Amino acid sequence: MKKPSFGALLAREFIGMKKMLRAYIIMCLLIIPLPFIILLSFRHGNLGTLIPEDVHWVFLGMDGYNLKLFAIMGGAMITMGSSENMTPDISAKWDHFRRSTPVTHARMALSKMTSQGIFSLAGIALSLLSLWLMDLALGVEFSAADAGLAIGTVAALTLFSVLAMLFVTFFRSVDKGMIAMLGVIMVVTFILLFDKEAPRVPNEEKLEQAMQFAAKAQDICTELLPFLPLILIGTLALGFVALTLLYKRRER
């Protein structure tokens, strides 16, 4: 028997997500220019005249930090594209496909994680390019903190994408799987942001807090930058192992 082609499995992934991939590309093309348009409007358009200059930081962030985040998300969102291809694997056609395809569970899971890795690399490239262009527009230098912020965002979205794959496969339902993933996101967000002992501060102190938060975030991104590729690879490796076990469990 001829050895099954891994390239064919990978091609199946991209063929299955063809429609959603078009949608993600269109969304990226629409969202990436938005922070540049906002910056242009603040400098030379209506936003700059309608909003008092002393509160520009609320919309732009300190030194354009919010615009940087906006630019990063515009490019990094394509990372989630791979998770959109889980519907065929929970349909009735899946059993017919598995019976007619002499491929191990590990190779099936590897094709999923390989496609996810490709999307993650695309997300890193787009987010770094968008952030570099934003730095040029802001008149600041592209720094290691910027690179860490972009790659860290893609690593987080990769984790959410892998979780979506696992939850959809486990529950055999896109709706239940995505609800479970959103539940995880809400719990993590609540833990990170909720602080019942945080004192209420007057509006004049919020600027200083924003500056401190931006500086702290940049320091964390700079420190994590050498480890982010390993975190990204580890996420894909754990996803590969978990998805392989789920495939085996499903066909028992």
# chains A, B, ... in the order shown; residues from 1 in each chain; ligands from 1
call {"tool": "select_by_dssp", "arguments": {"residues": "region 48-197 of chain A", "states": "alpha helix (DSSP H)", "output": "PDB file with N, CA and C atoms, in the first residue's frame"}}
result
ATOM      1  N   GLY A  48      -8.953  65.392  16.240  1.00  0.00           N
ATOM      2  CA  GLY A  48      -8.006  66.270  16.907  1.00  0.00           C
ATOM      3  C   GLY A  48      -8.627  67.561  17.386  1.00  0.00           C
ATOM      4  N   THR A  49      -9.688  68.012  16.712  1.00  0.00           N
ATOM      5  CA  THR A  49     -10.345  69.263  17.114  1.00  0.00           C
ATOM      6  C   THR A  49     -11.530  69.030  18.045  1.00  0.00           C
ATOM      7  N   LEU A  50     -12.187  67.890  17.920  1.00  0.00           N
ATOM      8  CA  LEU A  50     -13.361  67.608  18.740  1.00  0.00           C
ATOM      9  C   LEU A  50     -12.997  67.160  20.149  1.00  0.00           C
ATOM     10  N   HIS A  56      -6.320  63.115  24.907  1.00  0.00           N
ATOM     11  CA  HIS A  56      -5.984  62.297  23.744  1.00  0.00           C
ATOM     12  C   HIS A  56      -5.436  60.936  24.163  1.00  0.00           C
ATOM     13  N   TRP A  57      -4.746  60.924  25.299  1.00  0.00           N
ATOM     14  CA  TRP A  57      -4.124  59.678  25.752  1.00  0.00           C
ATOM     15  C   TRP A  57      -5.156  58.598  26.040  1.00  0.00           C
ATOM     16  N   VAL A  58      -6.394  59.001  26.367  1.00  0.00           N
ATOM     17  CA  VAL A  58      -7.446  58.019  26.632  1.00  0.00           C
ATOM     18  C   VAL A  58      -7.715  57.181  25.387  1.00  0.00           C
ATOM     19  N   PHE A  59      -7.629  57.814  24.219  1.00  0.00           N
ATOM     20  CA  PHE A  59      -7.921  57.130  22.969  1.00  0.00           C
ATOM     21  C   PHE A  59      -6.661  56.568  22.302  1.00  0.00           C
ATOM     22  N   LEU A  60      -5.569  57.282  22.419  1.00  0.00           N
ATOM     23  CA  LEU A  60      -4.334  56.866  21.756  1.00  0.00           C
ATOM     24  C   LEU A  60      -3.444  56.011  22.642  1.00  0.00           C
ATOM     25  N   TYR A  65       0.336  53.835  22.685  1.00  0.00           N
ATOM     26  CA  TYR A  65       0.333  52.426  23.088  1.00  0.00           C
ATOM     27  C   TYR A  65      -0.946  51.715  22.638  1.00  0.00           C
ATOM     28  N   ASN A  66      -2.102  52.385  22.767  1.00  0.00           N
ATOM     29  CA  ASN A  66      -3.356  51.764  22.351  1.00  0.00           C
ATOM     30  C   ASN A  66      -3.395  51.533  20.844  1.00  0.00           C
ATOM     31  N   LEU A  67      -2.830  52.466  20.091  1.00  0.00           N
ATOM     32  CA  LEU A  67      -2.771  52.298  18.639  1.00  0.00           C
ATOM     33  C   LEU A  67      -1.865  51.135  18.258  1.00  0.00           C
ATOM     34  N   LYS A  68      -0.802  50.943  19.037  1.00  0.00           N
ATOM     35  CA  LYS A  68       0.077  49.797  18.790  1.00  0.00           C
ATOM     36  C   LYS A  68      -0.672  48.483  19.002  1.00  0.00           C
ATOM     37  N   LEU A  69      -1.449  48.429  20.087  1.00  0.00           N
ATOM     38  CA  LEU A  69      -2.230  47.223  20.352  1.00  0.00           C
ATOM     39  C   LEU A  69      -3.242  46.973  19.235  1.00  0.00           C
ATOM     40  N   PHE A  70      -3.851  48.038  18.765  1.00  0.00           N
ATOM     41  CA  PHE A  70      -4.834  47.946  17.687  1.00  0.00           C
ATOM     42  C   PHE A  70      -4.157  47.403  16.428  1.00  0.00           C
ATOM     43  N   ALA A  71      -2.979  47.933  16.111  1.00  0.00           N
ATOM     44  CA  ALA A  71      -2.250  47.482  14.925  1.00  0.00           C
ATOM     45  C   ALA A  71      -1.849  46.015  15.042  1.00  0.00           C
ATOM     46  N   ILE A  72      -1.430  45.615  16.237  1.00  0.00           N
ATOM     47  CA  ILE A  72      -1.031  44.222  16.450  1.00  0.00           C
ATOM     48  C   ILE A  72      -2.219  43.285  16.257  1.00  0.00           C
ATOM     49  N   MET A  73      -3.356  43.618  16.852  1.00  0.00           N
ATOM     50  CA  MET A  73      -4.526  42.752  16.756  1.00  0.00           C
ATOM     51  C   MET A  73      -5.011  42.632  15.326  1.00  0.00           C
ATOM     52  N   GLY A  74      -4.885  43.694  14.549  1.00  0.00           N
ATOM     53  CA  GLY A  74      -5.310  43.633  13.159  1.00  0.00           C
ATOM     54  C   GLY A  74      -4.574  42.569  12.368  1.00  0.00           C
ATOM     55  N   GLY A  75      -3.276  42.401  12.652  1.00  0.00           N
ATOM     56  CA  GLY A  75      -2.513  41.380  11.949  1.00  0.00           C
ATOM     57  C   GLY A  75      -2.553  40.020  12.619  1.00  0.00           C
ATOM     58  N   ALA A  76      -2.641  40.023  13.959  1.00  0.00           N
ATOM     59  CA  ALA A  76      -2.559  38.765  14.705  1.00  0.00           C
ATOM     60  C   ALA A  76      -3.839  37.956  14.652  1.00  0.00           C
ATOM     61  N   LYS A  93     -19.587  12.990   8.038  1.00  0.00           N
ATOM     62  CA  LYS A  93     -18.628  12.586   7.016  1.00  0.00           C
ATOM     63  C   LYS A  93     -17.292  12.158   7.611  1.00  0.00           C
ATOM     64  N   TRP A  94     -17.055  12.538   8.863  1.00  0.00           N
ATOM     65  CA  TRP A  94     -15.762  12.224   9.486  1.00  0.00           C
ATOM     66  C   TRP A  94     -15.519  10.726   9.541  1.00  0.00           C
ATOM     67  N   ASP A  95     -16.498   9.954   9.966  1.00  0.00           N
ATOM     68  CA  ASP A  95     -16.327   8.509  10.081  1.00  0.00           C
ATOM     69  C   ASP A  95     -16.035   7.882   8.718  1.00  0.00           C
ATOM     70  N   HIS A  96     -16.708   8.351   7.678  1.00  0.00           N
ATOM     71  CA  HIS A  96     -16.439   7.840   6.337  1.00  0.00           C
ATOM     72  C   HIS A  96     -15.016   8.202   5.897  1.00  0.00           C
ATOM     73  N   PHE A  97     -14.607   9.409   6.226  1.00  0.00           N
ATOM     74  CA  PHE A  97     -13.255   9.845   5.864  1.00  0.00           C
ATOM     75  C   PHE A  97     -12.204   9.006   6.576  1.00  0.00           C
ATOM     76  N   ARG A  98     -12.404   8.736   7.862  1.00  0.00           N
ATOM     77  CA  ARG A  98     -11.427   7.974   8.621  1.00  0.00           C
ATOM     78  C   ARG A  98     -11.333   6.526   8.129  1.00  0.00           C
ATOM     79  N   ARG A  99     -12.471   5.934   7.802  1.00  0.00           N
ATOM     80  CA  ARG A  99     -12.449   4.545   7.335  1.00  0.00           C
ATOM     81  C   ARG A  99     -11.768   4.409   5.970  1.00  0.00           C
ATOM     82  N   HIS A 105      -3.827   8.486  13.968  1.00  0.00           N
ATOM     83  CA  HIS A 105      -4.355   9.629  14.693  1.00  0.00           C
ATOM     84  C   HIS A 105      -3.293  10.710  14.865  1.00  0.00           C
ATOM     85  N   ALA A 106      -2.058  10.291  15.091  1.00  0.00           N
ATOM     86  CA  ALA A 106      -0.988  11.258  15.293  1.00  0.00           C
ATOM     87  C   ALA A 106      -0.759  12.109  14.049  1.00  0.00           C
ATOM     88  N   ARG A 107      -0.832  11.480  12.871  1.00  0.00           N
ATOM     89  CA  ARG A 107      -0.632  12.249  11.640  1.00  0.00           C
ATOM     90  C   ARG A 107      -1.785  13.210  11.397  1.00  0.00           C
ATOM     91  N   MET A 108      -2.996  12.798  11.757  1.00  0.00           N
ATOM     92  CA  MET A 108      -4.132  13.699  11.628  1.00  0.00           C
ATOM     93  C   MET A 108      -3.953  14.913  12.550  1.00  0.00           C
ATOM     94  N   ALA A 109      -3.558  14.650  13.792  1.00  0.00           N
ATOM     95  CA  ALA A 109      -3.346  15.743  14.741  1.00  0.00           C
ATOM     96  C   ALA A 109      -2.176  16.624  14.304  1.00  0.00           C
ATOM     97  N   LEU A 110      -1.141  15.995  13.738  1.00  0.00           N
ATOM     98  CA  LEU A 110       0.021  16.767  13.295  1.00  0.00           C
ATOM     99  C   LEU A 110      -0.348  17.714  12.158  1.00  0.00           C
ATOM    100  N   SER A 111      -1.230  17.267  11.267  1.00  0.00           N
ATOM    101  CA  SER A 111      -1.652  18.152  10.180  1.00  0.00           C
ATOM    102  C   SER A 111      -2.404  19.365  10.734  1.00  0.00           C
ATOM    103  N   LYS A 112      -3.215  19.139  11.773  1.00  0.00           N
ATOM    104  CA  LYS A 112      -3.933  20.247  12.402  1.00  0.00           C
ATOM    105  C   LYS A 112      -2.961  21.248  13.027  1.00  0.00           C
ATOM    106  N   MET A 113      -2.001  20.737  13.786  1.00  0.00           N
ATOM    107  CA  MET A 113      -1.076  21.630  14.468  1.00  0.00           C
ATOM    108  C   MET A 113      -0.105  22.295  13.490  1.00  0.00           C
ATOM    109  N   THR A 114       0.217  21.604  12.388  1.00  0.00           N
ATOM    110  CA  THR A 114       1.071  22.229  11.376  1.00  0.00           C
ATOM    111  C   THR A 114       0.367  23.399  10.720  1.00  0.00           C
ATOM    112  N   SER A 115      -0.903  23.218  10.385  1.00  0.00           N
ATOM    113  CA  SER A 115      -1.660  24.334   9.807  1.00  0.00           C
ATOM    114  C   SER A 115      -1.780  25.473  10.815  1.00  0.00           C
ATOM    115  N   GLN A 116      -1.966  25.122  12.098  1.00  0.00           N
ATOM    116  CA  GLN A 116      -2.018  26.158  13.121  1.00  0.00           C
ATOM    117  C   GLN A 116      -0.685  26.886  13.226  1.00  0.00           C
ATOM    118  N   GLY A 117       0.415  26.139  13.138  1.00  0.00           N
ATOM    119  CA  GLY A 117       1.727  26.767  13.170  1.00  0.00           C
ATOM    120  C   GLY A 117       1.933  27.730  12.008  1.00  0.00           C
ATOM    121  N   ILE A 118       1.446  27.359  10.827  1.00  0.00           N
ATOM    122  CA  ILE A 118       1.557  28.240   9.656  1.00  0.00           C
ATOM    123  C   ILE A 118       0.757  29.520   9.887  1.00  0.00           C
ATOM    124  N   PHE A 119      -0.443  29.385  10.429  1.00  0.00           N
ATOM    125  CA  PHE A 119      -1.256  30.557  10.709  1.00  0.00           C
ATOM    126  C   PHE A 119      -0.616  31.417  11.793  1.00  0.00           C
ATOM    127  N   SER A 120       0.010  30.796  12.776  1.00  0.00           N
ATOM    128  CA  SER A 120       0.678  31.567  13.830  1.00  0.00           C
ATOM    129  C   SER A 120       1.852  32.356  13.267  1.00  0.00           C
ATOM    130  N   LEU A 121       2.626  31.732  12.383  1.00  0.00           N
ATOM    131  CA  LEU A 121       3.740  32.443  11.751  1.00  0.00           C
ATOM    132  C   LEU A 121       3.237  33.597  10.894  1.00  0.00           C
ATOM    133  N   ALA A 122       2.128  33.364  10.190  1.00  0.00           N
ATOM    134  CA  ALA A 122       1.536  34.452   9.404  1.00  0.00           C
ATOM    135  C   ALA A 122       1.072  35.582  10.310  1.00  0.00           C
ATOM    136  N   GLY A 123       0.489  35.221  11.467  1.00  0.00           N
ATOM    137  CA  GLY A 123       0.061  36.240  12.418  1.00  0.00           C
ATOM    138  C   GLY A 123       1.229  37.043  12.963  1.00  0.00           C
ATOM    139  N   ILE A 124       2.351  36.363  13.244  1.00  0.00           N
ATOM    140  CA  ILE A 124       3.544  37.070  13.734  1.00  0.00           C
ATOM    141  C   ILE A 124       4.051  38.038  12.676  1.00  0.00           C
ATOM    142  N   ALA A 125       4.135  37.568  11.422  1.00  0.00           N
ATOM    143  CA  ALA A 125       4.642  38.421  10.349  1.00  0.00           C
ATOM    144  C   ALA A 125       3.755  39.651  10.150  1.00  0.00           C
ATOM    145  N   LEU A 126       2.437  39.446  10.111  1.00  0.00           N
ATOM    146  CA  LEU A 126       1.521  40.568   9.886  1.00  0.00           C
ATOM    147  C   LEU A 126       1.515  41.545  11.060  1.00  0.00           C
ATOM    148  N   SER A 127       1.530  41.009  12.289  1.00  0.00           N
ATOM    149  CA  SER A 127       1.501  41.896  13.452  1.00  0.00           C
ATOM    150  C   SER A 127       2.799  42.692  13.589  1.00  0.00           C
ATOM    151  N   LEU A 128       3.934  42.055  13.315  1.00  0.00           N
ATOM    152  CA  LEU A 128       5.210  42.783  13.371  1.00  0.00           C
ATOM    153  C   LEU A 128       5.276  43.861  12.294  1.00  0.00           C
ATOM    154  N   LEU A 129       4.785  43.529  11.093  1.00  0.00           N
ATOM    155  CA  LEU A 129       4.784  44.524  10.015  1.00  0.00           C
ATOM    156  C   LEU A 129       3.875  45.701  10.352  1.00  0.00           C
ATOM    157  N   SER A 130       2.675  45.400  10.868  1.00  0.00           N
ATOM    158  CA  SER A 130       1.741  46.467  11.240  1.00  0.00           C
ATOM    159  C   SER A 130       2.315  47.341  12.353  1.00  0.00           C
ATOM    160  N   LEU A 131       2.953  46.693  13.331  1.00  0.00           N
ATOM    161  CA  LEU A 131       3.518  47.441  14.448  1.00  0.00           C
ATOM    162  C   LEU A 131       4.695  48.297  14.002  1.00  0.00           C
ATOM    163  N   TRP A 132       5.515  47.764  13.107  1.00  0.00           N
ATOM    164  CA  TRP A 132       6.651  48.529  12.585  1.00  0.00           C
ATOM    165  C   TRP A 132       6.163  49.773  11.842  1.00  0.00           C
ATOM    166  N   LEU A 133       5.123  49.609  11.018  1.00  0.00           N
ATOM    167  CA  LEU A 133       4.558  50.751  10.304  1.00  0.00           C
ATOM    168  C   LEU A 133       3.955  51.764  11.274  1.00  0.00           C
ATOM    169  N   MET A 134       3.315  51.270  12.331  1.00  0.00           N
ATOM    170  CA  MET A 134       2.748  52.181  13.329  1.00  0.00           C
ATOM    171  C   MET A 134       3.839  52.955  14.049  1.00  0.00           C
ATOM    172  N   ASP A 135       4.953  52.293  14.365  1.00  0.00           N
ATOM    173  CA  ASP A 135       6.073  52.988  14.995  1.00  0.00           C
ATOM    174  C   ASP A 135       6.608  54.095  14.080  1.00  0.00           C
ATOM    175  N   LEU A 136       6.660  53.800  12.784  1.00  0.00           N
ATOM    176  CA  LEU A 136       7.093  54.831  11.840  1.00  0.00           C
ATOM    177  C   LEU A 136       6.125  56.014  11.845  1.00  0.00           C
ATOM    178  N   ALA A 137       4.835  55.709  11.872  1.00  0.00           N
ATOM    179  CA  ALA A 137       3.827  56.774  11.881  1.00  0.00           C
ATOM    180  C   ALA A 137       3.893  57.591  13.158  1.00  0.00           C
ATOM    181  N   LEU A 138       4.194  56.939  14.284  1.00  0.00           N
ATOM    182  CA  LEU A 138       4.291  57.642  15.563  1.00  0.00           C
ATOM    183  C   LEU A 138       5.619  58.359  15.732  1.00  0.00           C
ATOM    184  N   ALA A 144      12.539  45.992  21.253  1.00  0.00           N
ATOM    185  CA  ALA A 144      12.346  44.601  21.661  1.00  0.00           C
ATOM    186  C   ALA A 144      11.018  44.428  22.389  1.00  0.00           C
ATOM    187  N   ALA A 145      10.597  45.456  23.123  1.00  0.00           N
ATOM    188  CA  ALA A 145       9.304  45.388  23.811  1.00  0.00           C
ATOM    189  C   ALA A 145       8.167  45.290  22.802  1.00  0.00           C
ATOM    190  N   ASP A 146       8.285  46.015  21.692  1.00  0.00           N
ATOM    191  CA  ASP A 146       7.272  45.937  20.640  1.00  0.00           C
ATOM    192  C   ASP A 146       7.210  44.538  20.052  1.00  0.00           C
ATOM    193  N   ALA A 147       8.371  43.969  19.767  1.00  0.00           N
ATOM    194  CA  ALA A 147       8.414  42.612  19.211  1.00  0.00           C
ATOM    195  C   ALA A 147       7.831  41.607  20.199  1.00  0.00           C
ATOM    196  N   GLY A 148       8.170  41.770  21.477  1.00  0.00           N
ATOM    197  CA  GLY A 148       7.629  40.871  22.486  1.00  0.00           C
ATOM    198  C   GLY A 148       6.124  40.985  22.611  1.00  0.00           C
ATOM    199  N   LEU A 149       5.605  42.206  22.504  1.00  0.00           N
ATOM    200  CA  LEU A 149       4.167  42.416  22.589  1.00  0.00           C
ATOM    201  C   LEU A 149       3.455  41.743  21.422  1.00  0.00           C
ATOM    202  N   ALA A 150       4.014  41.875  20.218  1.00  0.00           N
ATOM    203  CA  ALA A 150       3.398  41.271  19.036  1.00  0.00           C
ATOM    204  C   ALA A 150       3.430  39.749  19.101  1.00  0.00           C
ATOM    205  N   ILE A 151       4.593  39.193  19.408  1.00  0.00           N
ATOM    206  CA  ILE A 151       4.723  37.733  19.447  1.00  0.00           C
ATOM    207  C   ILE A 151       3.932  37.154  20.613  1.00  0.00           C
ATOM    208  N   GLY A 152       3.912  37.867  21.744  1.00  0.00           N
ATOM    209  CA  GLY A 152       3.126  37.407  22.884  1.00  0.00           C
ATOM    210  C   GLY A 152       1.640  37.379  22.583  1.00  0.00           C
ATOM    211  N   THR A 153       1.158  38.373  21.847  1.00  0.00           N
ATOM    212  CA  THR A 153      -0.253  38.385  21.457  1.00  0.00           C
ATOM    213  C   THR A 153      -0.581  37.200  20.568  1.00  0.00           C
ATOM    214  N   VAL A 154       0.299  36.918  19.613  1.00  0.00           N
ATOM    215  CA  VAL A 154       0.083  35.766  18.726  1.00  0.00           C
ATOM    216  C   VAL A 154       0.145  34.459  19.510  1.00  0.00           C
ATOM    217  N   ALA A 155       1.061  34.376  20.474  1.00  0.00           N
ATOM    218  CA  ALA A 155       1.147  33.166  21.297  1.00  0.00           C
ATOM    219  C   ALA A 155      -0.139  32.950  22.089  1.00  0.00           C
ATOM    220  N   ALA A 156      -0.710  34.030  22.628  1.00  0.00           N
ATOM    221  CA  ALA A 156      -1.971  33.908  23.367  1.00  0.00           C
ATOM    222  C   ALA A 156      -3.110  33.486  22.444  1.00  0.00           C
ATOM    223  N   LEU A 157      -3.184  34.071  21.258  1.00  0.00           N
ATOM    224  CA  LEU A 157      -4.229  33.693  20.313  1.00  0.00           C
ATOM    225  C   LEU A 157      -4.037  32.263  19.815  1.00  0.00           C
ATOM    226  N   THR A 158      -2.790  31.822  19.703  1.00  0.00           N
ATOM    227  CA  THR A 158      -2.522  30.430  19.336  1.00  0.00           C
ATOM    228  C   THR A 158      -3.058  29.487  20.401  1.00  0.00           C
ATOM    229  N   LEU A 159      -2.848  29.835  21.669  1.00  0.00           N
ATOM    230  CA  LEU A 159      -3.385  29.029  22.761  1.00  0.00           C
ATOM    231  C   LEU A 159      -4.903  28.943  22.688  1.00  0.00           C
ATOM    232  N   PHE A 160      -5.561  30.076  22.455  1.00  0.00           N
ATOM    233  CA  PHE A 160      -7.020  30.072  22.351  1.00  0.00           C
ATOM    234  C   PHE A 160      -7.490  29.264  21.146  1.00  0.00           C
ATOM    235  N   SER A 161      -6.749  29.342  20.043  1.00  0.00           N
ATOM    236  CA  SER A 161      -7.117  28.576  18.843  1.00  0.00           C
ATOM    237  C   SER A 161      -6.991  27.081  19.089  1.00  0.00           C
ATOM    238  N   VAL A 162      -5.917  26.669  19.757  1.00  0.00           N
ATOM    239  CA  VAL A 162      -5.730  25.253  20.076  1.00  0.00           C
ATOM    240  C   VAL A 162      -6.810  24.782  21.044  1.00  0.00           C
ATOM    241  N   LEU A 163      -7.129  25.611  22.037  1.00  0.00           N
ATOM    242  CA  LEU A 163      -8.206  25.259  22.967  1.00  0.00           C
ATOM    243  C   LEU A 163      -9.531  25.094  22.232  1.00  0.00           C
ATOM    244  N   ALA A 164      -9.785  25.963  21.260  1.00  0.00           N
ATOM    245  CA  ALA A 164     -11.019  25.848  20.484  1.00  0.00           C
ATOM    246  C   ALA A 164     -11.070  24.519  19.749  1.00  0.00           C
ATOM    247  N   MET A 165      -9.950  24.114  19.146  1.00  0.00           N
ATOM    248  CA  MET A 165      -9.893  22.820  18.458  1.00  0.00           C
ATOM    249  C   MET A 165     -10.203  21.673  19.421  1.00  0.00           C
ATOM    250  N   LEU A 166      -9.585  21.724  20.589  1.00  0.00           N
ATOM    251  CA  LEU A 166      -9.748  20.636  21.552  1.00  0.00           C
ATOM    252  C   LEU A 166     -11.180  20.584  22.096  1.00  0.00           C
ATOM    253  N   PHE A 167     -11.740  21.735  22.434  1.00  0.00           N
ATOM    254  CA  PHE A 167     -13.095  21.761  22.979  1.00  0.00           C
ATOM    255  C   PHE A 167     -14.121  21.319  21.943  1.00  0.00           C
ATOM    256  N   VAL A 168     -13.974  21.785  20.703  1.00  0.00           N
ATOM    257  CA  VAL A 168     -14.928  21.386  19.652  1.00  0.00           C
ATOM    258  C   VAL A 168     -14.841  19.889  19.404  1.00  0.00           C
ATOM    259  N   THR A 169     -13.621  19.350  19.388  1.00  0.00           N
ATOM    260  CA  THR A 169     -13.451  17.908  19.183  1.00  0.00           C
ATOM    261  C   THR A 169     -14.009  17.117  20.361  1.00  0.00           C
ATOM    262  N   PHE A 170     -13.786  17.605  21.571  1.00  0.00           N
ATOM    263  CA  PHE A 170     -14.242  16.885  22.760  1.00  0.00           C
ATOM    264  C   PHE A 170     -15.770  16.853  22.837  1.00  0.00           C
ATOM    265  N   PHE A 171     -16.404  18.003  22.633  1.00  0.00           N
ATOM    266  CA  PHE A 171     -17.864  18.078  22.740  1.00  0.00           C
ATOM    267  C   PHE A 171     -18.574  17.679  21.446  1.00  0.00           C
ATOM    268  N   VAL A 174     -19.572  22.670  17.648  1.00  0.00           N
ATOM    269  CA  VAL A 174     -18.904  23.961  17.551  1.00  0.00           C
ATOM    270  C   VAL A 174     -19.431  24.918  18.612  1.00  0.00           C
ATOM    271  N   ASP A 175     -20.749  24.921  18.802  1.00  0.00           N
ATOM    272  CA  ASP A 175     -21.346  25.840  19.782  1.00  0.00           C
ATOM    273  C   ASP A 175     -20.851  25.561  21.197  1.00  0.00           C
ATOM    274  N   LYS A 176     -20.905  24.297  21.614  1.00  0.00           N
ATOM    275  CA  LYS A 176     -20.459  23.953  22.966  1.00  0.00           C
ATOM    276  C   LYS A 176     -18.962  24.193  23.122  1.00  0.00           C
ATOM    277  N   GLY A 177     -18.203  23.853  22.099  1.00  0.00           N
ATOM    278  CA  GLY A 177     -16.759  24.039  22.178  1.00  0.00           C
ATOM    279  C   GLY A 177     -16.369  25.497  22.303  1.00  0.00           C
ATOM    280  N   MET A 178     -17.007  26.379  21.522  1.00  0.00           N
ATOM    281  CA  MET A 178     -16.672  27.790  21.583  1.00  0.00           C
ATOM    282  C   MET A 178     -17.146  28.422  22.888  1.00  0.00           C
ATOM    283  N   ILE A 179     -18.291  27.956  23.408  1.00  0.00           N
ATOM    284  CA  ILE A 179     -18.754  28.455  24.714  1.00  0.00           C
ATOM    285  C   ILE A 179     -17.761  28.084  25.807  1.00  0.00           C
ATOM    286  N   ALA A 180     -17.240  26.854  25.751  1.00  0.00           N
ATOM    287  CA  ALA A 180     -16.244  26.428  26.739  1.00  0.00           C
ATOM    288  C   ALA A 180     -14.979  27.267  26.632  1.00  0.00           C
ATOM    289  N   MET A 181     -14.547  27.562  25.399  1.00  0.00           N
ATOM    290  CA  MET A 181     -13.349  28.366  25.223  1.00  0.00           C
ATOM    291  C   MET A 181     -13.566  29.785  25.742  1.00  0.00           C
ATOM    292  N   LEU A 182     -14.736  30.378  25.456  1.00  0.00           N
ATOM    293  CA  LEU A 182     -15.041  31.710  25.952  1.00  0.00           C
ATOM    294  C   LEU A 182     -15.090  31.728  27.477  1.00  0.00           C
ATOM    295  N   GLY A 183     -15.572  30.622  28.071  1.00  0.00           N
ATOM    296  CA  GLY A 183     -15.574  30.525  29.524  1.00  0.00           C
ATOM    297  C   GLY A 183     -14.170  30.574  30.093  1.00  0.00           C
ATOM    298  N   VAL A 184     -13.239  29.885  29.444  1.00  0.00           N
ATOM    299  CA  VAL A 184     -11.837  29.912  29.880  1.00  0.00           C
ATOM    300  C   VAL A 184     -11.277  31.319  29.761  1.00  0.00           C
ATOM    301  N   ILE A 185     -11.562  31.993  28.647  1.00  0.00           N
ATOM    302  CA  ILE A 185     -11.066  33.355  28.447  1.00  0.00           C
ATOM    303  C   ILE A 185     -11.606  34.292  29.525  1.00  0.00           C
ATOM    304  N   MET A 186     -12.888  34.161  29.849  1.00  0.00           N
ATOM    305  CA  MET A 186     -13.489  35.023  30.868  1.00  0.00           C
ATOM    306  C   MET A 186     -12.880  34.785  32.234  1.00  0.00           C
ATOM    307  N   VAL A 187     -12.623  33.523  32.576  1.00  0.00           N
ATOM    308  CA  VAL A 187     -12.015  33.212  33.869  1.00  0.00           C
ATOM    309  C   VAL A 187     -10.608  33.794  33.963  1.00  0.00           C
ATOM    310  N   VAL A 188      -9.815  33.609  32.894  1.00  0.00           N
ATOM    311  CA  VAL A 188      -8.445  34.135  32.889  1.00  0.00           C
ATOM    312  C   VAL A 188      -8.459  35.657  32.981  1.00  0.00           C
ATOM    313  N   THR A 189      -9.351  36.293  32.227  1.00  0.00           N
ATOM    314  CA  THR A 189      -9.444  37.755  32.254  1.00  0.00           C
ATOM    315  C   THR A 189      -9.845  38.253  33.638  1.00  0.00           C
ATOM    316  N   PHE A 190     -10.788  37.567  34.258  1.00  0.00           N
ATOM    317  CA  PHE A 190     -11.241  37.958  35.598  1.00  0.00           C
ATOM    318  C   PHE A 190     -10.096  37.855  36.605  1.00  0.00           C
ATOM    319  N   ILE A 191      -9.322  36.786  36.523  1.00  0.00           N
ATOM    320  CA  ILE A 191      -8.215  36.598  37.463  1.00  0.00           C
ATOM    321  C   ILE A 191      -7.151  37.677  37.279  1.00  0.00           C
ATOM    322  N   LEU A 192      -6.873  38.025  36.025  1.00  0.00           N
ATOM    323  CA  LEU A 192      -5.806  38.990  35.749  1.00  0.00           C
ATOM    324  C   LEU A 192      -6.194  40.426  36.063  1.00  0.00           C
ATOM    325  N   LEU A 193      -7.475  40.762  35.863  1.00  0.00           N
ATOM    326  CA  LEU A 193      -7.868  42.160  35.960  1.00  0.00           C
ATOM    327  C   LEU A 193      -8.587  42.520  37.255  1.00  0.00           C
TER     328      LEU A 193
END
call {"tool": "atom_distance", "arguments": {"atom1": "CA of Leu34 (chain A)", "atom2": "CA of Glu84 (chain A)"}}
result
24.6 Å
call {"tool": "atom_distance", "arguments": {"atom1": "CA of Ile220 (chain A)", "atom2": "CA of Leu238 (chain A)"}}
result
24.1 Å
call {"tool": "atom_distance", "arguments": {"atom1": "CA of Arg22 (chain A)", "atom2": "CA of Phe36 (chain A)"}}
result
23.0 Å
